[in-house]
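Peer 1: My structure is below; once you've seen it, I'll send some questions.
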Amino acid sequence: MNLDTLPIAAIATAPGRGGIGVVRASGKNLKPLAQALFNGVELKPRHATYIPFKQADGTLIDQGIAIYFKGPHSYTGEDVLELQGHGGPVVLQMLLQRVLEAGHDVGLRLAEPGEFTRRAYMNDKLDLAQAEAVADLIDASTEAAAKSASQSLSGAFSQAIHALVERVTHLRMLVEATLDFPEEEIDFLEKSDARGQLRGIVESVDHVFRQASQGALLREGLNVVLVGQPNVGKSSLLNALAGADVAIVTPIAGTTRDKVSETIQIEGIPLNIIDTAGIRSHDEAVDIVERIGIERTWGEVGKADVILHMLDANHGPTRADESILAAFPAGVPVLRIWNKIDLSGHKPSIDASDDATHIYLSAHDHTGIDLLRKELLRIAGWQQTGESLYLARERHLIALKSTARHLDRAEEHAAQTDQSLDLFAEELRLAQVQLSTITGAFSSDDLLGVIFSRFCIGK
Ligand code: GDP
Ligand code: ZN
C-alpha cells in the first residue's frame, strides 16, 4: 500500500457502460490540475460547470460536468475534482489518462484500492467503522443490509461506541483519582457507585454487541447447501422461500460462471444457496474438468451453516442421496425437507429427531414454507427486535467480546474483599483500548491495509 500523500486519480464509477461515468482526483492542491485541464478556466467550488474535456493538443475527448470541491469540504478532506462524462470504458480511460498527464508535474498518480476512503479516514472525515460501512453499503445484497450499512455510515454505530468509551473513561478517572489517595480506597467503590456504573457499562456493551451481531447476520447471511435429486422440487422451494420479497439473485463471488449458487433473502437475511444438483461425490468424477468443478463445489459446501436435504414425501431417500449425504462434514445441522405433501397426504409439520430436523411441506402449494423460514431464521440466530442494527464486521464483534471480557474481570476485582484497584483500573484501560480499535483510534497500519485493500479502485 502506497502511503505517500501525492494527489491521486481514478475512475470512480463501475466498469462497463453507463449513462454517466466519473473520473475523480484528490490532492492537497488541485488548482494547478484544474487549470491545466481547462485552459485556465477557474471552476467555482461546489458548482457544476458544463465544459469540454480536451486533450493537451486541443482535440475533444468528451463534454461533461466538472465539479471542484475545495478541501476540507470534500469526501476526502483534500481538494477533489470530479469529471462526469459519458459512461463508456474507452472514453473514461482516455479521460483518466488525460487527467494523469495534466497532473504529471504535481505528481498525480493512479489511486490504489480504497485510497479515497482511506484519505477520508486519515483526514477525519470518517472514522474506521464508517469507512468500512462505505464498502458494506456498496456491497450490500439486501435492502435491510443496505439500511444498516448506511446507519453505520451515518455514524450511529460509532456514536454508540464513543458513548461507551466515554463512560469507561469517566470510571477510569474516578479509579485513578482514588489510586492517588490510598487511604480512601476502602469506601471508594461505595461512594461513587463504581460497581453500579460498571454494571451499567457491561449491560450497554452487551446490548451493542447484540445489535452488532444481528447486523453482522445481514452482512454475512446464512450459507445453505441444497441437496436433492432432480425433480424433487428444489427450484420450486427456492421460489417459495423467496416469496413476495423480490428474489435478489446475486452470484457468490468467484462462482459467477457455474450457476450453482444464488442468493435469496428471508426478512432481509441473505441466504447464500449452493445447489448441489448434478454434482457427484468425489470418487464418481470422470474427467479432470469435472473433478475441478466438483472440488470447488465441495469447497463451498464446507462453509455450510445448514444443509437442506430435499426428499419426495412419496418416495423417501434414494441411494444417490445417501452417498452424497455421507460425504458431508459432521456437525452441520441437516434439515430434511419432505416435499410434495399435497400428493402424499402428510400434514405440514416440523419435528426434530436425533439425526436431523424433519419438515413436511409443499413447495407447490406453499404449505409448510413458513415452518422452514422460521427454522432457518432460528438457525441463523435472528431475533426480530425492531431495533436499529449496525452492519458490523467480525473484527467489531471480536473487539466487543474482548471489551466484555475485560469488564467482567474488572467486576471480579471489584467484588473481592481485598480489591485491587490497580487491577481494576488496568482492566478498564484494556476495555477502552478494545473499544477504540473499532473506530480506529488505536489502529495499526496493518489493519488499515487489510481494510482498505479490499475496496475497489476508485472508492
Ligand atoms: P428440481 O429439479 O429439484 O429443481 O425440481 P423443480 O422445482 O424444478 O420441480 C420439479 C417438478 O415437481 C415440477 O413440475 C414442479 O412443479 C413439481 N413440484 C415441485 N414441488 C412440488 C410440490 O410440492 N407438489 C407437487 N405436486 N409438485 C411439485
Ligand atoms: Zn431445478
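Each chain of the C-alpha cells is named A, B, ... in the order shown, its residues numbered from 1; ligands are numbered from 1 in display order.
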Please identify all polymer residues within 10 Å of Phe328 in chain A, counting only C-alpha atoms, omitting same-chain residues fewer than 6 positions from it, and present them as a list in words.
Peer 2: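 Within the cut-off, the hits are Ser281, Trp298, Val301, Gly302, Ala304, Ile307 and Val334 of chain A.
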Peer 1: If you count only C-alpha atoms and all ligand atoms, which residues end up within 7 Å of ligand 1, as a ChimeraX atom specification?
Peer 2: /A:228-237,339-343,361-365
Peer 1: Take the selection from the previous step and output its residues with C-alpha atoms, as an mmCIF file, in the first residue's frame.
Peer 2:
data_model
loop_
_atom_site.group_PDB
_atom_site.id
_atom_site.type_symbol
_atom_site.label_atom_id
_atom_site.label_comp_id
_atom_site.auth_asym_id
_atom_site.auth_seq_id
_atom_site.Cartn_x
_atom_site.Cartn_y
_atom_site.Cartn_z
ATOM 1 C CA GLY A 228 -31.727 -33.406 -3.656
ATOM 2 C CA GLN A 229 -32.364 -35.447 -6.738
ATOM 3 C CA PRO A 230 -33.644 -33.886 -9.952
ATOM 4 C CA ASN A 231 -37.361 -33.040 -9.871
ATOM 5 C CA VAL A 232 -37.666 -33.305 -6.141
ATOM 6 C CA GLY A 233 -38.647 -29.607 -6.143
ATOM 7 C CA LYS A 234 -35.507 -27.601 -5.355
ATOM 8 C CA SER A 235 -36.192 -24.724 -7.730
ATOM 9 C CA SER A 236 -39.796 -24.594 -6.585
ATOM 10 C CA LEU A 237 -38.638 -24.426 -2.981
ATOM 11 C CA ASN A 339 -41.715 -32.131 -0.282
ATOM 12 C CA LYS A 340 -44.924 -32.688 -2.239
ATOM 13 C CA ILE A 341 -47.120 -33.417 0.764
ATOM 14 C CA ASP A 342 -50.047 -32.284 -1.370
ATOM 15 C CA LEU A 343 -49.608 -35.622 -3.128
ATOM 16 C CA LEU A 361 -44.170 -29.122 3.184
ATOM 17 C CA SER A 362 -45.343 -28.496 -0.311
ATOM 18 C CA ALA A 363 -43.241 -26.145 -2.383
ATOM 19 C CA HIS A 364 -46.004 -26.170 -4.939
ATOM 20 C CA ASP A 365 -48.880 -25.199 -2.612
#
Peer 1: Got a sec to tell me which of range 112-201 of chain A DSSP assigns to helix (DSSP H, G or I), as a ChimeraX atom specification?
Peer 2: /A:115-122,128-139,143-153,156-179,182-191,194-201
Peer 1: Among range 49-211 of chain A, which ones does DSSP place in strand (DSSP E or B), written as a VMD selection string?
Peer 2: chain A and resid 49 to 54 60 to 69 79 to 87 109 to 110
Peer 1: Those residues you just picked out, can you put them in a file as a short mmCIF file (atom, residue, chain, number, x, y, z; two decimals), in the first residue's frame with N, CA and C atoms?
Peer 2:
data_model
loop_
_atom_site.label_atom_id
_atom_site.label_comp_id
_atom_site.auth_asym_id
_atom_site.auth_seq_id
_atom_site.Cartn_x
_atom_site.Cartn_y
_atom_site.Cartn_z
N THR A 49 -20.07 22.78 -13.58
CA THR A 49 -19.73 23.56 -14.78
C THR A 49 -19.74 22.65 -15.99
N TYR A 50 -20.55 22.96 -16.96
CA TYR A 50 -20.57 22.18 -18.20
C TYR A 50 -19.43 22.65 -19.07
N ILE A 51 -18.56 21.72 -19.44
CA ILE A 51 -17.28 22.16 -20.00
C ILE A 51 -16.70 21.07 -20.90
N PRO A 52 -15.99 21.45 -21.95
CA PRO A 52 -15.36 20.41 -22.77
C PRO A 52 -14.12 19.81 -22.10
N PHE A 53 -13.97 18.49 -22.22
CA PHE A 53 -12.75 17.81 -21.75
C PHE A 53 -11.87 17.60 -22.97
N LYS A 54 -10.70 18.20 -22.95
CA LYS A 54 -9.85 18.18 -24.15
C LYS A 54 -8.49 17.55 -23.91
N LEU A 60 -11.07 17.14 -28.82
CA LEU A 60 -12.11 16.90 -27.83
C LEU A 60 -12.17 15.42 -27.42
N ILE A 61 -12.22 15.17 -26.11
CA ILE A 61 -12.45 13.79 -25.63
C ILE A 61 -13.93 13.60 -25.38
N ASP A 62 -14.53 14.55 -24.69
CA ASP A 62 -15.93 14.44 -24.27
C ASP A 62 -16.34 15.81 -23.76
N GLN A 63 -17.63 16.00 -23.56
CA GLN A 63 -18.12 17.20 -22.89
C GLN A 63 -18.84 16.71 -21.65
N GLY A 64 -18.68 17.42 -20.56
CA GLY A 64 -19.36 16.94 -19.36
C GLY A 64 -19.36 17.98 -18.27
N ILE A 65 -19.57 17.49 -17.05
CA ILE A 65 -19.69 18.37 -15.89
C ILE A 65 -18.42 18.25 -15.07
N ALA A 66 -17.86 19.38 -14.69
CA ALA A 66 -16.73 19.38 -13.78
C ALA A 66 -17.16 20.02 -12.46
N ILE A 67 -16.80 19.36 -11.37
CA ILE A 67 -17.10 19.95 -10.05
C ILE A 67 -15.82 19.95 -9.22
N TYR A 68 -15.56 21.10 -8.65
CA TYR A 68 -14.36 21.27 -7.84
C TYR A 68 -14.77 21.44 -6.39
N PHE A 69 -14.25 20.56 -5.52
CA PHE A 69 -14.52 20.68 -4.08
C PHE A 69 -13.23 21.13 -3.41
N ASP A 79 -8.58 18.69 -1.65
CA ASP A 79 -9.26 19.18 -2.86
C ASP A 79 -9.70 17.96 -3.66
N VAL A 80 -10.92 18.01 -4.17
CA VAL A 80 -11.39 16.92 -5.03
C VAL A 80 -11.90 17.51 -6.33
N LEU A 81 -11.53 16.89 -7.44
CA LEU A 81 -12.04 17.30 -8.74
C LEU A 81 -12.79 16.12 -9.33
N GLU A 82 -14.05 16.35 -9.69
CA GLU A 82 -14.86 15.28 -10.29
C GLU A 82 -15.21 15.65 -11.71
N LEU A 83 -14.91 14.75 -12.63
CA LEU A 83 -15.27 14.96 -14.02
C LEU A 83 -16.32 13.93 -14.40
N GLN A 84 -17.52 14.40 -14.72
CA GLN A 84 -18.60 13.49 -15.10
C GLN A 84 -18.76 13.52 -16.60
N GLY A 85 -18.39 12.42 -17.22
CA GLY A 85 -18.52 12.34 -18.66
C GLY A 85 -19.47 11.23 -19.04
N HIS A 86 -19.41 10.79 -20.27
CA HIS A 86 -20.25 9.68 -20.69
C HIS A 86 -19.64 8.37 -20.20
N GLY A 87 -20.50 7.45 -19.82
CA GLY A 87 -20.02 6.27 -19.12
C GLY A 87 -19.60 5.12 -20.01
N ARG A 109 -0.92 10.46 -9.43
CA ARG A 109 -0.78 9.05 -9.79
C ARG A 109 -2.12 8.35 -9.66
N LEU A 110 -2.17 7.11 -10.17
CA LEU A 110 -3.39 6.31 -10.08
C LEU A 110 -3.63 5.93 -8.62
#
Peer 1: Tell me which of A:Leu108, A:Val450, A:Leu238, A:Leu430 sits closest to ligand 2, counting only C-alpha atoms and all ligand atoms.
Peer 2: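 Checking each candidate against ligand 2, we get A:Leu238 as the closest.
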Peer 1: Tell me which of A:Leu226, A:Ala356, A:Ala177, A:Leu164 sits closest to ligand 2, counting only C-alpha atoms and all ligand atoms.
Peer 2: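 Smallest distance to ligand 2 is found for A:Leu226.
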Peer 1: Could you give me, as a PyMOL selection string, the residues within 6 Å of Ala12 in chain A, counting only C-alpha atoms and dropping anything in the same chain fewer than 5 positions from it?
Peer 2: chain A and resi 22-23+458
Peer 1: For the residues in that selection, give me C-alpha atoms as an mmCIF file, in the first residue's frame.
Peer 2:
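Output contents, as saved in part03.cif:
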data_model
loop_
_atom_site.group_PDB
_atom_site.id
_atom_site.type_symbol
_atom_site.label_atom_id
_atom_site.label_comp_id
_atom_site.auth_asym_id
_atom_site.auth_seq_id
_atom_site.Cartn_x
_atom_site.Cartn_y
_atom_site.Cartn_z
ATOM 1 C CA VAL A 22 -16.929 9.742 -13.253
ATOM 2 C CA VAL A 23 -13.197 10.342 -13.055
ATOM 3 C CA GLY A 458 -11.958 4.497 -7.236
#
Peer 1: Pick out the residues sitting within 12 Å of Gln55 in chain A, and hand them over as a ChimeraX atom specification; count only C-alpha atoms, and ignore anything fewer than 4 positions along from it in its own chain.
Peer 2: /A:36-39,59-63,91,94-102
Peer 1: Which residues are close to Glu78 in chain A, i.e. within 12 Å by only C-alpha atoms, leaving aside same-chain residues fewer than 6 positions away? Reply as a list of chain:residue names.
Peer 2: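 Once the adjacent positions are removed, what remains is A:Thr5, A:Leu6, A:Pro7, A:Ile8, A:Ala25, A:Ser26, A:Gly27, A:Lys28, A:Asn29, A:Leu30, A:Lys31, A:Tyr68, A:Phe69, A:Lys70, A:Gly71, A:Pro72, A:Phe116, A:Thr117, A:Arg118, A:Arg119, A:Ala120, A:Tyr121, A:Met122, A:Asn123, A:Asp124, A:Lys125.
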Peer 1: CA of His366 in chain A to CA of Gln383 in chain A: how many Å, to one decimal?
Peer 2: 23.8 Å
Peer 1: As a list in words, please: the residues near Gly16 in chain A (cut-off 10 Å, only C-alpha atoms, same-chain neighbours under 5 positions excluded).
Peer 2: Gly21, Gly87, Gly88, Pro89 and Val90 of chain A
Peer 1: Produce a file of the selected residues containing N, CA and C atoms, as a PDB file, in the first residue's frame.
Peer 2:
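Output file result.pdb follows:
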ATOM      1  N   GLY A  21     -20.204   8.435 -16.413  1.00  0.00           N
ATOM      2  CA  GLY A  21     -19.047   7.857 -15.749  1.00  0.00           C
ATOM      3  C   GLY A  21     -18.263   8.985 -15.102  1.00  0.00           C
ATOM      4  N   GLY A  87     -20.502   7.447 -19.821  1.00  0.00           N
ATOM      5  CA  GLY A  87     -20.020   6.266 -19.119  1.00  0.00           C
ATOM      6  C   GLY A  87     -19.600   5.115 -20.009  1.00  0.00           C
ATOM      7  N   GLY A  88     -18.653   5.333 -20.875  1.00  0.00           N
ATOM      8  CA  GLY A  88     -18.116   4.227 -21.671  1.00  0.00           C
ATOM      9  C   GLY A  88     -16.704   3.933 -21.220  1.00  0.00           C
ATOM     10  N   PRO A  89     -16.296   2.649 -21.276  1.00  0.00           N
ATOM     11  CA  PRO A  89     -14.966   2.300 -20.771  1.00  0.00           C
ATOM     12  C   PRO A  89     -13.835   3.005 -21.514  1.00  0.00           C
ATOM     13  N   VAL A  90     -13.957   3.191 -22.830  1.00  0.00           N
ATOM     14  CA  VAL A  90     -12.864   3.799 -23.593  1.00  0.00           C
ATOM     15  C   VAL A  90     -12.771   5.290 -23.308  1.00  0.00           C
TER      16      VAL A  90
END
Peer 1: What's around range 421-424 of chain A at 9 Å? Count only C-alpha atoms, leave out sequence neighbours fewer than 2 positions away in its own chain, and write the answer as a PyMOL selection string.
Peer 2: chain A and resi 172+175-176+178-179+185+407+409-414+419+426-429
Peer 1: Store the residues of this selection in a file with C-alpha atoms, as a compact mmCIF listing (two decimals), in the first residue's frame.
Peer 2:
# COMPACT_ATOMS: atom_id res chain seq x y z
CA ARG A 172 -11.21 5.17 34.97
CA VAL A 175 -10.50 4.93 39.97
CA GLU A 176 -7.24 6.59 39.11
CA THR A 178 -8.63 7.20 44.14
CA LEU A 179 -5.34 5.43 43.48
CA GLU A 185 -9.63 3.15 48.78
CA LEU A 407 -15.16 -5.55 32.03
CA ARG A 409 -12.63 -9.17 35.05
CA ALA A 410 -12.92 -5.63 36.38
CA GLU A 411 -16.16 -6.67 38.06
CA GLU A 412 -14.43 -9.67 39.60
CA HIS A 413 -11.70 -7.46 41.02
CA ALA A 414 -14.30 -5.09 42.39
CA GLN A 419 -9.90 -5.50 45.97
CA GLU A 426 -5.96 -1.90 34.25
CA GLU A 427 -8.95 -3.95 33.05
CA LEU A 428 -10.85 -0.75 32.38
CA ARG A 429 -7.93 0.56 30.36
Peer 1: Rank A:Val227, A:His396, A:Thr357, A:Ala320 by their smallest atom-to-atom distance to ligand 2, using only C-alpha atoms and all ligand atoms, and report the top residue only.
Peer 2: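 Ranked by minimum distance to ligand 2, first place goes to A:Val227.
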